[in-house]
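Below you'll find the structure, written out as structure tokens, and then a few comments.
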Amino acid sequence: MTENVKAKNFYTLMCLAGFLIILLPVGIANLVFGYMLGDSPCTLCWGQRQAMIYIGVIAFFIIRYGIKGKYVSALLIVTAFGLYQSLAHFGNHAMRDLDQGFGLAVFGIHTYFWAEVVFWAVVLLLGVIFAFAPKFGEFDTEMAGKKIRDWTKFSFIAVLITTFIIASNVFQAFVSTGIPPYAGQGDPVRFSLNPKYIIWSTDYWNSKLKGFSFLGARDVKAPDYAFAPAGQKLGIVFDNDSKNAPLNVDEALEVATSKDIEFSKPINTLNYIYGEYVVSSKFDVAFLDDAFKEKSSFQLDPYFSATIDPIIGIIPYMDNKYILMGSNKSFLRFQQNPNASEVKQYADFIKGADKFEGQGEGLGRGRLDTVRSKFFHTASIASDGKYFYLATTPNNKNAKTLVISKFSLKDRILSAEFIPNATLKEGKTLGDLYITSMVYHKGELYALSKNHNVIVVINPQSESITKTISYPQTITNARSLLISENGTFQILSYQDGKNILFTLK
């Protein structure tokens, strides 16, 4: 086979590829799904369909004007953008239950996922076509000095059919979407040529003008920590006046005593487990005696296996073990062992692998799956011995909601999620609270809010807030709450560069 024939075959394959991407996914979606079955593309669907059209048209440019770097570059750029669009689209639906989805399905797979298949097929086919391409200099020889290549019968027919399909898509887009400033709909109704069923909407721009992020709904800023204040990033102005709390105060606590805890870092969490105080700061954990003297410690490797965001709490687990929870709802089950294998435990600990175990039976990392709290961080965890509970924190995307999630300690699977019932002040929401710690005490959850200096008491059975307790404004950065068996309250606050434990009455 001469190089000239190879060049002609290259253009034939390029023509076939460009034609098929227009004829099959774009043509079927438009002519069969659109006009015959009434499928109407959403905004992202239109974006993916347009990207496919651009790929096909660029392929015809190559056939007509010869292989050029700018055309190959444009093919790759448009394909990459199409991959992003399809990933963003099916990512919105990827975790839905069986047979749930959006729009029509082909062989059980919805069209937005087929778009991902198509764009990857483009990448694969480009690789195959160029693998059998002649030397690039032979393309100039094949052009024979002409600036425009002649149409073959096949390429001319392909262009005619493609032109018709593109024109048909333009017509469908005009009918279902309208002209600027109208844009596509997120949840389009059935396609119809009847004017009374046609919706031209500008709602799309309302969300886009608020700010764009490639993370979409997941563009949530990190929570507020003792070691890393984040109120400004979250759009929250923390207030220590309980009069501004979203609920009326039923009881008030007063400071009885206070004690500085000598610890080298800002303490983010404090708990009393198995006769020891357990404190953490970011990825550092220390076990302290009753005089707050360090007995042992470790530094977590946050990136092994399941990434754990900064530690927001440690609770007792089965058989003298512990669960360490990150703000991203990833966790580590670990235990103390002075004879731990430093080599085996290297995976979980940067320091302390010879005294702690995260690898072994009943140990290890994992991730929690939630529904209502999926797009929230947590800054608190509490356990009743059978279940453990997390509370969401308000963020830059949603500052109005508080969700309590309940998980089985046995298998760490979601058992319930609820938004507590409460009698709120006018204009207030539960998102005005910022829960940094929770304690399970006598059948109820005591949730410490750094904002507005209140502790809300939540009954997990009735899923309601039963009482609101205030604590003094002198506590400015409440991080952890402890409640003794006799009902004594203690609040740890990192303020004025010190870790201070307040005992309240």
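By order in the structure tokens, chains are A, B, ...; within a chain, residues start at 1; ligands start at 1, following the order shown.
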Need the shell around segment 270-272 of chain A: protein/DNA/RNA residues with any atom at most 8 Å away, counting only C-alpha atoms. Skip same-chain ones fewer than 5 positions apart. Format as a ChimeraX atom specification? /A:277-280,313-315,480-482,492
Write down as a VMD selection string the residues of segment 123-265 of chain A whose backbone DSSP state falls under helix (DSSP H, G or I). chain A and resid 123 to 131 136 to 143 153 to 177 195 to 197 203 to 208 216 to 218 231 to 234 242 to 244
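Rounded to one decimal, atom CA of Ala230 of chain A and atom CA of Ile261 of chain A lie 23.5 Å from each other.
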Within 10 Å of Phe90 of chain A, counting only C-alpha atoms, which residues show up once you throw out same-chain ones fewer than 6 positions away? Write them as number ranges by chain, please. A: 44, 101-102, 110-116
Go ahead and save the residues from that selection, with N, CA and C atoms, as an mmCIF file, in the first residue's frame.
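File written: part.cif
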```cif
data_model
loop_
_atom_site.group_PDB
_atom_site.id
_atom_site.type_symbol
_atom_site.label_atom_id
_atom_site.label_comp_id
_atom_site.auth_asym_id
_atom_site.auth_seq_id
_atom_site.Cartn_x
_atom_site.Cartn_y
_atom_site.Cartn_z
ATOM 1 N N LEU A 44 -27.623 20.490 30.175
ATOM 2 C CA LEU A 44 -26.403 19.705 30.001
ATOM 3 C C LEU A 44 -26.492 18.776 28.804
ATOM 4 N N GLY A 101 -33.288 7.612 37.348
ATOM 5 C CA GLY A 101 -32.445 8.369 36.439
ATOM 6 C C GLY A 101 -33.194 9.524 35.826
ATOM 7 N N PHE A 102 -32.737 9.960 34.665
ATOM 8 C CA PHE A 102 -33.274 11.154 34.015
ATOM 9 C C PHE A 102 -33.431 10.863 32.534
ATOM 10 N N HIS A 110 -29.046 5.417 30.734
ATOM 11 C CA HIS A 110 -29.625 6.698 30.337
ATOM 12 C C HIS A 110 -28.704 7.446 29.383
ATOM 13 N N THR A 111 -29.305 8.335 28.609
ATOM 14 C CA THR A 111 -28.586 9.001 27.524
ATOM 15 C C THR A 111 -27.389 9.802 28.014
ATOM 16 N N TYR A 112 -27.458 10.375 29.220
ATOM 17 C CA TYR A 112 -26.338 11.184 29.687
ATOM 18 C C TYR A 112 -25.109 10.321 29.954
ATOM 19 N N PHE A 113 -25.296 9.042 30.269
ATOM 20 C CA PHE A 113 -24.139 8.159 30.410
ATOM 21 C C PHE A 113 -23.633 7.692 29.042
ATOM 22 N N TRP A 114 -24.553 7.517 28.103
ATOM 23 C CA TRP A 114 -24.123 7.169 26.751
ATOM 24 C C TRP A 114 -23.225 8.265 26.178
ATOM 25 N N ALA A 115 -23.478 9.516 26.555
ATOM 26 C CA ALA A 115 -22.617 10.604 26.099
ATOM 27 C C ALA A 115 -21.181 10.374 26.557
ATOM 28 N N GLU A 116 -21.006 9.922 27.796
ATOM 29 C CA GLU A 116 -19.661 9.602 28.291
ATOM 30 C C GLU A 116 -19.024 8.514 27.437
#
```
Pull the strand (DSSP E) assignments for segment 352-454 of chain A out of DSSP run on the backbone, and list those residues as number ranges by chain. A: 356-357, 364-367, 378-383, 387-392, 404-408, 414-418, 435-441, 444-449, 454
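Each of A:Ile465, A:Leu445, A:Ala222, A:Ala88 was checked against Ala379 of chain A using only C-alpha atoms; the smallest atom-to-atom distance is that of A:Ala222.
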Could you make a table, as CSV, of the residues of segment 162-254 of chain A that have an atom within 12 Å of an atom of segment 497-504 of chain A, each with its nearest atom pair and distance in Å to one decimal, counting only C-alpha atoms, in chain and number order?
```
residue,atom,partner,partner_atom,distance
A:Ala226,CA,A:Asn499,CA,9.5
A:Phe227,CA,A:Gly497,CA,10.2
A:Ala252,CA,A:Leu504,CA,9.8
A:Leu253,CA,A:Leu504,CA,6.0
A:Glu254,CA,A:Leu504,CA,5.4
```
Store the residues picked out above in a file with C-alpha atoms, as a PDB file, in the first residue's frame.
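Output below, filename result.pdb:
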```pdb
ATOM      1  CA  ALA A 226      -9.882  25.409  66.670  1.00  0.00           C
ATOM      2  CA  PHE A 227      -6.631  25.294  64.693  1.00  0.00           C
ATOM      3  CA  ALA A 252     -28.719  29.198  81.809  1.00  0.00           C
ATOM      4  CA  LEU A 253     -25.341  27.874  82.953  1.00  0.00           C
ATOM      5  CA  GLU A 254     -22.706  29.897  84.788  1.00  0.00           C
TER       6      GLU A 254
END
```
Atom CA of Ile311 of chain A to atom CA of Gly431 of chain A, straight-line distance in Å: 21.8 Å
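Taking only C-alpha atoms into account, Ile198 of chain A lies nearest to A:Phe174 out of the set A:Tyr446, A:Phe81, A:Tyr434, A:Phe174.
Of the listed residues (A:Lys374, A:Lys233, A:Ala94, A:Phe132), A:Lys374 comes nearest to Ala217 of chain A; the distances count only C-alpha atoms.
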